[in-house]
$ cat data35.cif   # mmCIF, C-alpha atoms
data_start
loop_
_atom_site.group_PDB
_atom_site.id
_atom_site.type_symbol
_atom_site.label_atom_id
_atom_site.label_comp_id
_atom_site.auth_asym_id
_atom_site.auth_seq_id
_atom_site.Cartn_x
_atom_site.Cartn_y
_atom_site.Cartn_z
ATOM 1 C CA MET Q 1 72.614 -72.115 20.224
ATOM 2 C CA GLU Q 2 69.901 -74.483 21.371
ATOM 3 C CA VAL Q 3 67.174 -73.088 23.599
ATOM 4 C CA GLN Q 4 66.825 -74.955 26.867
ATOM 5 C CA PRO Q 5 63.154 -75.271 27.846
ATOM 6 C CA ALA Q 6 62.165 -73.482 31.047
ATOM 7 C CA GLY Q 7 62.225 -75.615 34.139
ATOM 8 C CA THR Q 8 64.571 -78.283 32.778
ATOM 9 C CA THR Q 9 67.726 -79.429 34.499
ATOM 10 C CA LYS Q 10 71.007 -78.608 32.797
ATOM 11 C CA LEU Q 11 72.459 -81.762 31.261
ATOM 12 C CA ASP Q 12 75.886 -83.169 32.008
ATOM 13 C CA ILE Q 13 77.006 -83.585 28.371
ATOM 14 C CA SER Q 14 80.294 -85.123 27.315
ATOM 15 C CA VAL Q 15 81.576 -85.421 23.746
ATOM 16 C CA ARG Q 16 84.216 -87.897 22.607
ATOM 17 C CA PRO Q 17 85.454 -89.644 19.453
ATOM 18 C CA LEU Q 18 82.965 -92.158 18.104
ATOM 19 C CA GLN Q 19 84.014 -95.776 18.644
ATOM 20 C CA GLU Q 20 83.147 -98.839 16.603
ATOM 21 C CA ASN Q 21 80.974 -100.196 19.397
ATOM 22 C CA ASP Q 22 78.880 -96.987 19.220
ATOM 23 C CA LEU Q 23 77.890 -97.464 15.586
ATOM 24 C CA SER Q 24 74.679 -99.434 16.096
ATOM 25 C CA ALA Q 25 73.388 -96.926 18.648
ATOM 26 C CA ALA Q 26 74.427 -94.006 16.450
ATOM 27 C CA ASP Q 27 72.700 -95.512 13.419
ATOM 28 C CA HIS Q 28 69.515 -96.074 15.419
ATOM 29 C CA ILE Q 29 69.478 -92.438 16.581
ATOM 30 C CA VAL Q 30 70.086 -91.118 13.048
ATOM 31 C CA ARG Q 31 67.018 -93.005 11.812
ATOM 32 C CA LEU Q 32 64.899 -92.174 14.856
ATOM 33 C CA ALA Q 33 65.769 -88.461 14.777
ATOM 34 C CA PHE Q 34 65.163 -87.898 11.069
ATOM 35 C CA GLY Q 35 62.106 -90.143 11.009
ATOM 36 C CA THR Q 36 60.615 -88.299 13.986
ATOM 37 C CA PHE Q 37 61.282 -84.873 12.478
ATOM 38 C CA LEU Q 38 59.721 -85.913 9.169
ATOM 39 C CA GLY Q 39 56.690 -87.418 10.933
ATOM 40 C CA LEU Q 40 57.112 -90.961 9.650
ATOM 41 C CA PRO Q 41 54.681 -93.479 11.192
ATOM 42 C CA GLU Q 42 57.652 -95.763 11.940
ATOM 43 C CA PRO Q 43 60.551 -93.323 12.448
ATOM 44 C CA THR Q 44 63.335 -95.927 12.517
ATOM 45 C CA ALA Q 45 62.349 -97.024 8.996
ATOM 46 C CA PHE Q 46 63.962 -93.819 7.698
ATOM 47 C CA MET Q 47 66.478 -94.577 4.878
ATOM 48 C CA GLY Q 48 65.504 -98.255 4.698
ATOM 49 C CA ASP Q 49 68.656 -100.336 4.219
ATOM 50 C CA ALA Q 50 70.813 -97.329 3.298
ATOM 51 C CA GLY Q 51 73.106 -95.871 5.939
ATOM 52 C CA TYR Q 52 75.585 -93.111 6.680
ATOM 53 C CA VAL Q 53 77.046 -93.956 10.075
ATOM 54 C CA ARG Q 54 79.263 -96.960 9.426
ATOM 55 C CA THR Q 55 80.567 -95.766 6.049
ATOM 56 C CA ARG Q 56 81.479 -92.291 7.331
ATOM 57 C CA TRP Q 57 83.081 -93.623 10.496
ATOM 58 C CA ARG Q 58 85.192 -96.073 8.479
ATOM 59 C CA ALA Q 59 86.182 -93.308 6.038
ATOM 60 C CA ASP Q 60 87.684 -91.211 8.861
ATOM 61 C CA PRO Q 61 87.179 -92.290 12.503
ATOM 62 C CA SER Q 62 89.060 -89.190 13.693
ATOM 63 C CA ALA Q 63 86.280 -86.948 12.319
ATOM 64 C CA ALA Q 64 83.331 -88.745 13.943
ATOM 65 C CA PHE Q 65 82.036 -87.788 17.397
ATOM 66 C CA GLY Q 66 79.513 -89.056 19.886
ATOM 67 C CA ALA Q 67 77.723 -87.392 22.799
ATOM 68 C CA GLU Q 68 76.834 -88.921 26.133
ATOM 69 C CA VAL Q 69 74.531 -87.735 28.898
ATOM 70 C CA GLY Q 70 75.089 -89.448 32.218
ATOM 71 C CA GLY Q 71 77.168 -92.100 30.477
ATOM 72 C CA GLU Q 72 74.384 -92.901 27.977
ATOM 73 C CA PHE Q 73 74.998 -92.475 24.235
ATOM 74 C CA VAL Q 74 72.597 -89.835 22.838
ATOM 75 C CA GLY Q 75 73.858 -88.509 19.485
ATOM 76 C CA SER Q 76 76.584 -88.147 16.897
ATOM 77 C CA ASN Q 77 78.106 -85.884 14.271
ATOM 78 C CA PHE Q 78 80.543 -86.374 11.373
ATOM 79 C CA ALA Q 79 82.928 -84.058 9.524
ATOM 80 C CA THR Q 80 84.070 -84.617 5.944
ATOM 81 C CA ASN Q 81 87.326 -83.286 4.498
ATOM 82 C CA TRP Q 82 87.376 -82.482 0.783
ATOM 83 C CA GLY Q 83 90.621 -80.516 0.826
ATOM 84 C CA SER Q 84 89.773 -76.813 0.953
ATOM 85 C CA VAL Q 85 86.091 -77.709 1.348
ATOM 86 C CA GLY Q 86 84.517 -79.364 4.373
ATOM 87 C CA PHE Q 87 81.004 -80.222 5.452
ATOM 88 C CA PHE Q 88 79.384 -81.961 8.402
ATOM 89 C CA GLY Q 89 76.471 -84.241 9.142
ATOM 90 C CA PRO Q 90 74.362 -85.992 9.838
ATOM 91 C CA LEU Q 91 74.136 -84.268 13.227
ATOM 92 C CA THR Q 92 71.499 -86.193 15.150
ATOM 93 C CA ILE Q 93 70.342 -86.306 18.763
ATOM 94 C CA ARG Q 94 67.860 -88.554 20.511
ATOM 95 C CA PRO Q 95 64.506 -86.734 20.160
ATOM 96 C CA ASP Q 96 63.744 -86.578 23.886
ATOM 97 C CA LEU Q 97 66.913 -84.481 24.293
ATOM 98 C CA TRP Q 98 66.326 -81.980 21.495
ATOM 99 C CA ASP Q 99 66.868 -78.316 22.452
ATOM 100 C CA ARG Q 100 68.975 -79.232 25.486
ATOM 101 C CA GLY Q 101 72.418 -78.142 24.262
ATOM 102 C CA VAL Q 102 73.655 -81.474 22.887
ATOM 103 C CA GLY Q 103 73.863 -80.174 19.312
ATOM 104 C CA LYS Q 104 75.989 -77.223 20.395
ATOM 105 C CA ARG Q 105 78.482 -79.539 22.075
ATOM 106 C CA LEU Q 106 78.608 -81.867 19.035
ATOM 107 C CA MET Q 107 79.508 -78.888 16.829
ATOM 108 C CA GLU Q 108 82.590 -77.987 18.864
ATOM 109 C CA PRO Q 109 84.899 -80.799 17.644
ATOM 110 C CA ILE Q 110 83.584 -80.342 14.081
ATOM 111 C CA MET Q 111 84.722 -76.728 14.017
ATOM 112 C CA GLU Q 112 88.055 -77.839 15.479
ATOM 113 C CA CYS Q 113 88.406 -80.298 12.576
ATOM 114 C CA PHE Q 114 87.812 -77.526 10.060
ATOM 115 C CA ASP Q 115 90.421 -75.362 11.795
ATOM 116 C CA LYS Q 116 92.941 -78.221 11.856
ATOM 117 C CA TRP Q 117 92.355 -79.049 8.184
ATOM 118 C CA GLY Q 118 92.591 -75.421 7.079
ATOM 119 C CA THR Q 119 89.105 -75.623 5.548
ATOM 120 C CA LYS Q 120 88.454 -72.532 3.428
ATOM 121 C CA HIS Q 121 84.795 -73.190 2.695
ATOM 122 C CA ALA Q 122 82.533 -75.163 5.023
ATOM 123 C CA GLY Q 123 78.927 -76.165 4.602
ATOM 124 C CA LEU Q 124 75.994 -78.365 5.474
ATOM 125 C CA PHE Q 125 72.638 -79.502 4.107
ATOM 126 C CA THR Q 126 69.582 -78.871 6.239
ATOM 127 C CA PHE Q 127 65.803 -78.554 6.005
ATOM 128 C CA ALA Q 128 64.908 -75.349 4.188
ATOM 129 C CA HIS Q 129 61.516 -75.095 5.910
ATOM 130 C CA SER Q 130 62.881 -75.428 9.459
ATOM 131 C CA GLN Q 131 63.516 -72.102 11.173
ATOM 132 C CA LYS Q 132 64.982 -74.070 14.084
ATOM 133 C CA HIS Q 133 67.684 -75.726 11.980
ATOM 134 C CA VAL Q 134 68.542 -72.643 9.924
ATOM 135 C CA GLY Q 135 68.670 -70.443 13.029
ATOM 136 C CA LEU Q 136 70.888 -72.898 14.886
ATOM 137 C CA TYR Q 137 73.575 -72.935 12.218
ATOM 138 C CA GLN Q 138 73.427 -69.190 11.579
ATOM 139 C CA LYS Q 139 74.603 -68.687 15.144
ATOM 140 C CA ILE Q 140 77.946 -70.289 14.260
ATOM 141 C CA GLY Q 141 78.419 -68.467 10.986
ATOM 142 C CA PHE Q 142 76.687 -70.711 8.420
ATOM 143 C CA TRP Q 143 74.279 -68.851 6.147
ATOM 144 C CA PRO Q 144 71.550 -70.221 3.857
ATOM 145 C CA ARG Q 145 72.064 -69.723 0.169
ATOM 146 C CA PHE Q 146 70.470 -71.699 -2.678
ATOM 147 C CA LEU Q 147 68.267 -74.768 -2.455
ATOM 148 C CA THR Q 148 69.744 -78.220 -3.009
ATOM 149 C CA ALA Q 149 67.557 -80.762 -4.765
ATOM 150 C CA ILE Q 150 68.013 -84.480 -4.099
ATOM 151 C CA MET Q 151 66.822 -85.964 -7.383
ATOM 152 C CA SER Q 152 66.355 -89.361 -8.974
ATOM 153 C CA LYS Q 153 65.222 -91.072 -12.151
ATOM 154 C CA PRO Q 154 64.630 -94.621 -13.334
ATOM 155 C CA VAL Q 155 67.687 -96.240 -14.881
ATOM 156 C CA GLY Q 156 67.332 -96.651 -18.633
ATOM 157 C CA GLN Q 157 69.438 -97.442 -21.655
ATOM 158 C CA THR Q 158 71.608 -94.557 -22.848
ATOM 159 C CA GLY Q 159 72.068 -95.795 -26.402
ATOM 160 C CA ARG Q 160 75.386 -93.944 -26.705
ATOM 161 C CA GLU Q 161 78.967 -95.050 -27.202
ATOM 162 C CA LEU Q 162 80.793 -93.776 -24.150
ATOM 163 C CA ARG Q 163 84.447 -93.626 -23.167
ATOM 164 C CA TRP Q 164 84.548 -94.290 -19.450
ATOM 165 C CA THR Q 165 86.303 -96.620 -17.054
ATOM 166 C CA ARG Q 166 86.095 -97.504 -13.360
ATOM 167 C CA PHE Q 167 88.534 -96.629 -10.618
ATOM 168 C CA SER Q 168 88.396 -100.285 -9.557
ATOM 169 C CA GLU Q 169 90.070 -101.157 -12.878
ATOM 170 C CA VAL Q 170 93.095 -98.935 -12.197
ATOM 171 C CA PRO Q 171 96.161 -100.964 -11.106
ATOM 172 C CA GLU Q 172 97.217 -100.347 -7.507
ATOM 173 C CA ASP Q 173 100.524 -98.759 -8.510
ATOM 174 C CA GLU Q 174 98.722 -96.253 -10.758
ATOM 175 C CA ARG Q 175 95.978 -95.166 -8.362
ATOM 176 C CA GLU Q 176 97.815 -92.215 -6.831
ATOM 177 C CA GLY Q 177 98.404 -90.836 -10.311
ATOM 178 C CA MET Q 178 94.711 -91.252 -11.099
ATOM 179 C CA LEU Q 179 93.749 -89.483 -7.873
ATOM 180 C CA LEU Q 180 96.032 -86.620 -8.904
ATOM 181 C CA ALA Q 181 94.214 -86.397 -12.251
ATOM 182 C CA CYS Q 182 90.884 -86.286 -10.368
ATOM 183 C CA ARG Q 183 92.242 -83.547 -8.110
ATOM 184 C CA GLN Q 184 93.265 -81.483 -11.136
ATOM 185 C CA VAL Q 185 89.651 -81.580 -12.379
ATOM 186 C CA THR Q 186 88.210 -80.471 -9.035
ATOM 187 C CA ASP Q 187 90.950 -77.949 -8.206
ATOM 188 C CA ALA Q 188 90.135 -76.038 -11.393
ATOM 189 C CA ILE Q 189 86.526 -75.735 -10.186
ATOM 190 C CA TYR Q 190 87.439 -74.562 -6.684
ATOM 191 C CA GLU Q 191 91.022 -74.196 -5.539
ATOM 192 C CA GLY Q 192 92.001 -77.030 -3.224
ATOM 193 C CA LEU Q 193 88.814 -79.085 -3.718
ATOM 194 C CA ASP Q 194 89.875 -82.739 -3.434
ATOM 195 C CA VAL Q 195 87.446 -85.672 -3.232
ATOM 196 C CA GLY Q 196 90.217 -88.259 -3.171
ATOM 197 C CA PRO Q 197 89.065 -89.387 0.310
ATOM 198 C CA GLU Q 198 85.633 -90.245 -1.139
ATOM 199 C CA VAL Q 199 87.169 -92.200 -4.021
ATOM 200 C CA ARG Q 200 89.366 -94.132 -1.571
ATOM 201 C CA ALA Q 201 86.482 -94.783 0.839
ATOM 202 C CA VAL Q 202 84.295 -96.245 -1.905
ATOM 203 C CA ALA Q 203 87.168 -98.418 -3.137
ATOM 204 C CA HIS Q 204 88.340 -99.634 0.283
ATOM 205 C CA GLN Q 205 84.853 -100.314 1.653
ATOM 206 C CA GLY Q 206 83.430 -101.800 -1.534
ATOM 207 C CA LEU Q 207 80.571 -99.280 -1.575
ATOM 208 C CA GLY Q 208 80.322 -98.981 -5.355
ATOM 209 C CA ASP Q 209 82.802 -97.461 -7.795
ATOM 210 C CA THR Q 210 84.084 -94.195 -9.264
ATOM 211 C CA VAL Q 211 83.278 -93.479 -12.902
ATOM 212 C CA LEU Q 212 86.155 -91.956 -14.872
ATOM 213 C CA LEU Q 213 85.079 -90.093 -18.030
ATOM 214 C CA TRP Q 214 87.607 -89.677 -20.831
ATOM 215 C CA ASP Q 215 88.102 -87.338 -23.761
ATOM 216 C CA ASP Q 216 90.965 -88.234 -26.130
ATOM 217 C CA GLY Q 217 92.989 -89.789 -23.315
ATOM 218 C CA ARG Q 218 92.385 -86.911 -20.907
ATOM 219 C CA LEU Q 219 90.231 -87.196 -17.799
ATOM 220 C CA ALA Q 220 87.125 -85.105 -18.491
ATOM 221 C CA GLY Q 221 85.180 -85.909 -15.326
ATOM 222 C CA LEU Q 222 84.538 -88.271 -12.439
ATOM 223 C CA ALA Q 223 81.591 -89.528 -10.401
ATOM 224 C CA VAL Q 224 81.888 -91.221 -7.006
ATOM 225 C CA CYS Q 225 78.973 -93.652 -6.766
ATOM 226 C CA HIS Q 226 77.482 -95.645 -3.898
ATOM 227 C CA CYS Q 227 75.547 -98.694 -5.052
ATOM 228 C CA GLY Q 228 72.971 -100.807 -3.246
ATOM 229 C CA ALA Q 229 72.146 -101.870 0.299
ATOM 230 C CA GLY Q 230 74.419 -100.899 3.185
ATOM 231 C CA THR Q 231 75.716 -97.803 1.382
ATOM 232 C CA GLU Q 232 74.348 -94.264 1.231
ATOM 233 C CA ALA Q 233 72.319 -95.395 -1.795
ATOM 234 C CA GLY Q 234 70.157 -98.253 -0.510
ATOM 235 C CA SER Q 235 68.735 -101.218 -2.396
ATOM 236 C CA GLY Q 236 68.248 -100.815 -6.115
ATOM 237 C CA THR Q 237 69.892 -97.389 -6.220
ATOM 238 C CA CYS Q 238 73.081 -95.874 -7.606
ATOM 239 C CA TYR Q 239 73.722 -92.657 -5.665
ATOM 240 C CA VAL Q 240 76.201 -90.169 -7.120
ATOM 241 C CA LYS Q 241 77.722 -88.716 -3.963
ATOM 242 C CA PHE Q 242 80.004 -86.452 -5.983
ATOM 243 C CA GLY Q 243 80.352 -85.880 -9.696
ATOM 244 C CA ALA Q 244 82.021 -83.157 -11.740
ATOM 245 C CA VAL Q 245 83.396 -82.431 -15.177
ATOM 246 C CA ARG Q 246 86.376 -80.316 -16.132
ATOM 247 C CA LEU Q 247 85.720 -76.606 -16.658
ATOM 248 C CA SER Q 248 85.635 -76.178 -20.421
ATOM 249 C CA PRO Q 249 83.475 -74.848 -23.270
ATOM 250 C CA THR Q 250 82.117 -78.405 -23.652
ATOM 251 C CA GLY Q 251 81.129 -78.678 -19.969
ATOM 252 C CA GLY Q 252 77.443 -79.211 -20.736
ATOM 253 C CA GLN Q 253 78.126 -82.026 -23.190
ATOM 254 C CA ASP Q 254 80.652 -83.610 -20.827
ATOM 255 C CA PHE Q 255 78.168 -83.450 -17.955
ATOM 256 C CA ASP Q 256 75.586 -85.197 -20.108
ATOM 257 C CA ARG Q 257 78.117 -87.915 -20.938
ATOM 258 C CA LEU Q 258 79.026 -88.286 -17.251
ATOM 259 C CA LEU Q 259 75.380 -88.820 -16.313
ATOM 260 C CA ASP Q 260 75.098 -91.345 -19.152
ATOM 261 C CA ALA Q 261 78.127 -93.213 -17.815
ATOM 262 C CA CYS Q 262 76.651 -93.320 -14.299
ATOM 263 C CA GLU Q 263 73.381 -94.623 -15.690
ATOM 264 C CA GLU Q 264 75.217 -97.224 -17.751
ATOM 265 C CA MET Q 265 77.157 -98.434 -14.716
ATOM 266 C CA ALA Q 266 73.944 -98.588 -12.686
ATOM 267 C CA ALA Q 267 72.301 -100.696 -15.396
ATOM 268 C CA GLU Q 268 75.284 -103.050 -15.519
ATOM 269 C CA LYS Q 269 74.972 -103.545 -11.755
ATOM 270 C CA GLY Q 270 71.262 -104.335 -12.081
ATOM 271 C CA LEU Q 271 70.162 -101.183 -10.247
ATOM 272 C CA SER Q 272 66.849 -99.522 -11.085
ATOM 273 C CA ARG Q 273 67.250 -95.966 -9.788
ATOM 274 C CA LEU Q 274 69.868 -93.237 -10.263
ATOM 275 C CA ALA Q 275 69.984 -90.591 -7.502
ATOM 276 C CA ALA Q 276 72.023 -87.402 -7.231
ATOM 277 C CA GLY Q 277 71.911 -84.016 -5.528
ATOM 278 C CA VAL Q 278 72.519 -80.652 -7.165
ATOM 279 C CA ASN Q 279 72.593 -77.148 -5.753
ATOM 280 C CA THR Q 280 70.272 -74.930 -7.759
ATOM 281 C CA ALA Q 281 72.899 -72.179 -7.890
ATOM 282 C CA ARG Q 282 74.582 -74.493 -10.402
ATOM 283 C CA HIS Q 283 71.717 -73.567 -12.666
ATOM 284 C CA GLU Q 284 72.852 -75.207 -15.898
ATOM 285 C CA ALA Q 285 73.535 -78.530 -14.181
ATOM 286 C CA TYR Q 286 70.167 -78.426 -12.399
ATOM 287 C CA ARG Q 287 68.305 -77.650 -15.630
ATOM 288 C CA GLN Q 288 70.126 -80.365 -17.504
ATOM 289 C CA MET Q 289 69.166 -82.950 -14.905
ATOM 290 C CA LEU Q 290 65.517 -81.904 -15.118
ATOM 291 C CA GLU Q 291 65.657 -82.238 -18.894
ATOM 292 C CA ARG Q 292 67.047 -85.777 -18.505
ATOM 293 C CA GLY Q 293 64.051 -86.828 -16.436
ATOM 294 C CA PHE Q 294 65.383 -86.374 -12.899
ATOM 295 C CA ARG Q 295 62.701 -85.342 -10.404
ATOM 296 C CA THR Q 296 63.156 -83.927 -6.917
ATOM 297 C CA ASP Q 297 62.546 -86.347 -4.030
ATOM 298 C CA LEU Q 298 63.772 -84.084 -1.223
ATOM 299 C CA GLN Q 299 64.677 -80.413 -1.113
ATOM 300 C CA GLY Q 300 66.932 -78.717 1.407
ATOM 301 C CA VAL Q 301 69.161 -75.688 1.660
ATOM 302 C CA ALA Q 302 72.950 -75.433 1.551
ATOM 303 C CA MET Q 303 74.312 -73.324 4.400
ATOM 304 C CA GLN Q 304 77.819 -72.002 3.881
ATOM 305 C CA ARG Q 305 80.625 -70.452 5.894
ATOM 306 C CA PRO Q 306 81.795 -67.920 4.825
ATOM 307 C CA ASN Q 307 78.681 -66.558 3.160
ATOM 308 C CA GLU Q 308 79.935 -66.813 -0.403
ATOM 309 C CA PRO Q 309 79.222 -69.080 -3.399
ATOM 310 C CA GLY Q 310 82.227 -71.419 -3.239
ATOM 311 C CA TYR Q 311 81.655 -73.772 -6.159
ATOM 312 C CA ASN Q 312 77.871 -73.300 -6.034
ATOM 313 C CA ARG Q 313 77.778 -70.940 -8.980
ATOM 314 C CA PRO Q 314 76.640 -70.822 -12.616
ATOM 315 C CA GLY Q 315 78.859 -72.564 -15.145
ATOM 316 C CA VAL Q 316 79.870 -75.351 -12.747
ATOM 317 C CA TYR Q 317 78.644 -78.813 -13.715
ATOM 318 C CA LEU Q 318 78.907 -80.644 -10.404
ATOM 319 C CA ILE Q 319 76.793 -83.072 -8.360
ATOM 320 C CA ASP Q 320 76.806 -83.233 -4.551
ATOM 321 C CA ASP Q 321 74.448 -82.451 -1.682
ATOM 322 C CA TRP Q 322 76.402 -82.218 1.634
ATOM 323 C CA ARG Q 323 74.036 -84.529 3.541
#
$ encode --input "data35.cif" --output "structure tokens"
Amino acid sequence: MEVQPAGTTKLDISVRPLQENDLSAADHIVRLAFGTFLGLPEPTAFMGDAGYVRTRWRADPSAAFGAEVGGEFVGSNFATNWGSVGFFGPLTIRPDLWDRGVGKRLMEPIMECFDKWGTKHAGLFTFAHSQKHVGLYQKIGFWPRFLTAIMSKPVGQTGRELRWTRFSEVPEDEREGMLLACRQVTDAIYEGLDVGPEVRAVAHQGLGDTVLLWDDGRLAGLAVCHCGAGTEAGSGTCYVKFGAVRLSPTGGQDFDRLLDACEEMAAEKGLSRLAAGVNTARHEAYRQMLERGFRTDLQGVAMQRPNEPGYNRPGVYLIDDWR
């Protein structure tokens, strides 16, 4: 999968579950690797005070893996289980060891996770302009489909009366019932899709909150939001990691209301920026976000296994980006 440069010695690579005492090193390599690839003058400044490593490890330590070469920590990878859907990343390796086979080894336990979970549709987000990245993942059955835009807009006043609540307001003894209602929304979009683990992770780690959108007492949509420093959002930002509305003839209006609710929550928390990703195959959702003033900050491509749309299709009003 990775081409070993001529004249280099084969590495003695070992892969194991990521431990808590690896997290600082893993976080450093994530920043260094992405910052180096993007050509930042100070690579480790990538993402600022946002972060993926600690939050994803705490969400599911059994799906996080580290690589060592000669006993030295050199990279990591994370799998995410959304029921019938799974994705992985960030997969990062210390830059001086790129193209030496470490990435291939870090993919092995990820694919085992997908097999164990019974994942029907797996994916990842990668750089659309990088032949190296796209070619690497094609070799294990992931194929590029539509672009995914990571977008943002300044937080403003919605000026609308909205019916929404927060998951944090749901009494403990009613939370499983609420998670079931969320699962019913997502299952109708793609059979088995369940973002309950994301809702729980945000609640348990205090990363932000989940917006619950209502329509005459019925759950019309949800949005799992990270807010502020130390989360996947970073300072001043509300990042919608996942958001979706129920499939219905009023999907467009409900999606607009869901975005309003996210913006309202961001304003209440004193945040200045609302960020969200959308696959452009979900054309109506992408267009609606553009019309609301969202602009693309970063563009990548969703690679999918098997090579089929999954829930990335017209008529689906859903936010996510598989980073």
$ atom_distance --input "data35.cif" --atom1 "atom CA of Leu318 of chain Q" --atom2 "atom CA of Gly243 of chain Q"
5.5 Å
$ axis_aligned_box --input "data35.cif" --around "segment 297-309 of chain Q" --padding-each-side "4 Å" --output "JSON"
{"center_x": 72.2, "center_y": -76.5, "center_z": 0.9, "size_x": 27.2, "size_y": 27.8, "size_z": 17.9}
$ residues_around --input "data35.cif" --residues "segment 17-20 of chain Q" --least-positions-apart "5" --cutoff "8 Å" --atoms "only C-alpha atoms" --output "list in words"
Trp57, Pro61, Ser62, Ala63, Ala64, Phe65, Gly66 and Ser76 of chain Q
$ closest_residue --input "data35.cif" --among "Q:Gly236, Q:Gly315, Q:Gly83, Q:Gly89" --to "Tyr52 of chain Q" --atoms "only C-alpha atoms"
Q:Gly89
$ resolve_selection --input "data35.cif" --expression "the PyMOL selection byres ((chain Q and resi 182) around 9)" --output "list of chain:residue names"
Q:Gly177, Q:Met178, Q:Leu179, Q:Leu180, Q:Ala181, Q:Arg183, Q:Gln184, Q:Val185, Q:Thr186, Q:Asp187, Q:Asp194, Q:Val195, Q:Gly196, Q:Leu212, Q:Leu219, Q:Gly221, Q:Leu222
$ closest_residue --input "data35.cif" --among "Q:Lys153, Q:Lys269, Q:His133, Q:His121" --to "Thr92 of chain Q" --atoms "all atoms listed in the file"
Q:His133
$ resolve_selection --input "data35.cif" --expression "the PyMOL selection byres ((chain Q and resi 28-30) around 9)" --output "list in words"
Leu23, Ser24, Ala25, Ala26, Asp27, Arg31, Leu32, Ala33, Phe34, Gly35, Thr44, Phe46, Tyr52, Val53, Val74, Gly75, Ser76, Pro90, Leu91, Thr92, Ile93, Arg94 and Pro95 of chain Q
$ write_last_selection --input "data35.cif" --atoms "C-alpha atoms" --output "compact mmCIF listing (two decimals), keeping the file's coordinate frame"
# COMPACT_ATOMS: atom_id res chain seq x y z
CA LEU Q 23 77.89 -97.46 15.59
CA SER Q 24 74.68 -99.43 16.10
CA ALA Q 25 73.39 -96.93 18.65
CA ALA Q 26 74.43 -94.01 16.45
CA ASP Q 27 72.70 -95.51 13.42
CA ARG Q 31 67.02 -93.00 11.81
CA LEU Q 32 64.90 -92.17 14.86
CA ALA Q 33 65.77 -88.46 14.78
CA PHE Q 34 65.16 -87.90 11.07
CA GLY Q 35 62.11 -90.14 11.01
CA THR Q 44 63.34 -95.93 12.52
CA PHE Q 46 63.96 -93.82 7.70
CA TYR Q 52 75.58 -93.11 6.68
CA VAL Q 53 77.05 -93.96 10.07
CA VAL Q 74 72.60 -89.84 22.84
CA GLY Q 75 73.86 -88.51 19.48
CA SER Q 76 76.58 -88.15 16.90
CA PRO Q 90 74.36 -85.99 9.84
CA LEU Q 91 74.14 -84.27 13.23
CA THR Q 92 71.50 -86.19 15.15
CA ILE Q 93 70.34 -86.31 18.76
CA ARG Q 94 67.86 -88.55 20.51
CA PRO Q 95 64.51 -86.73 20.16
$ closest_atom_pairs --input "data35.cif" --of "segment 145-261 of chain Q" --to "segment 295-308 of chain Q" --cutoff "12 Å" --atoms "all atoms listed in the file" --output "JSON lines"
{"residue": "Q:Arg145", "atom": "CA", "partner": "Q:Ala302", "partner_atom": "CA", "distance": 5.9}
{"residue": "Q:Phe146", "atom": "CA", "partner": "Q:Val301", "partner_atom": "CA", "distance": 6.0}
{"residue": "Q:Leu147", "atom": "CA", "partner": "Q:Val301", "partner_atom": "CA", "distance": 4.3}
{"residue": "Q:Thr148", "atom": "CA", "partner": "Q:Gly300", "partner_atom": "CA", "distance": 5.3}
{"residue": "Q:Ala149", "atom": "CA", "partner": "Q:Gln299", "partner_atom": "CA", "distance": 4.7}
{"residue": "Q:Ile150", "atom": "CA", "partner": "Q:Leu298", "partner_atom": "CA", "distance": 5.1}
{"residue": "Q:Met151", "atom": "CA", "partner": "Q:Thr296", "partner_atom": "CA", "distance": 4.2}
{"residue": "Q:Ser152", "atom": "CA", "partner": "Q:Arg295", "partner_atom": "CA", "distance": 5.6}
{"residue": "Q:Lys153", "atom": "CA", "partner": "Q:Arg295", "partner_atom": "CA", "distance": 6.5}
{"residue": "Q:Pro154", "atom": "CA", "partner": "Q:Arg295", "partner_atom": "CA", "distance": 9.9}
$ closest_residue --input "data35.cif" --among "Q:Asp49, Q:Glu198, Q:Asp260, Q:Glu172" --to "Arg160 of chain Q" --atoms "all atoms listed in the file"
Q:Asp260
$ closest_atom_pairs --input "data35.cif" --of "segment 212-241 of chain Q" --to "segment 273-284 of chain Q" --cutoff "6 Å" --atoms "only C-alpha atoms" --output "CSV"
residue,atom,partner,partner_atom,distance
Q:Thr237,CA,Q:Arg273,CA,4.7
Q:Cys238,CA,Q:Leu274,CA,4.9
Q:Tyr239,CA,Q:Ala275,CA,4.6
Q:Val240,CA,Q:Ala276,CA,5.0
$ write_last_selection --input "data35.cif" --atoms "C-alpha atoms" --output "PDB file, in the coordinates of the input"
ATOM      1  CA  THR Q 237      69.892 -97.389  -6.220  1.00  0.00           C
ATOM      2  CA  CYS Q 238      73.081 -95.874  -7.606  1.00  0.00           C
ATOM      3  CA  TYR Q 239      73.722 -92.657  -5.665  1.00  0.00           C
ATOM      4  CA  VAL Q 240      76.201 -90.169  -7.120  1.00  0.00           C
TER       5      VAL Q 240
END
$ closest_residue --input "data35.cif" --among "Q:Gly70, Q:Met289, Q:Cys227, Q:Ser130" --to "Gly270 of chain Q" --atoms "only C-alpha atoms"
Q:Cys227
$ residues_around --input "data35.cif" --residues "segment 14-16 of chain Q" --least-positions-apart "5" --cutoff "8 Å" --atoms "all atoms listed in the file" --output "list in words"
Phe65, Gly66, Ala67, Glu68, Val69, Arg105 and Leu106 of chain Q
$ atom_distance --input "data35.cif" --atom1 "atom CA of Thr55 of chain Q" --atom2 "atom CA of Asp209 of chain Q"
14.1 Å
$ closest_residue --input "data35.cif" --among "Q:Gly217, Q:Asp256, Q:Ala233, Q:Glu264" --to "Glu291 of chain Q" --atoms "all atoms listed in the file"
Q:Asp256
$ resolve_selection --input "data35.cif" --expression "the PyMOL selection byres ((chain Q and resi 167) around 8)" --output "PyMOL selection string"
chain Q and resi 165-166+168-170+175+203+209-212
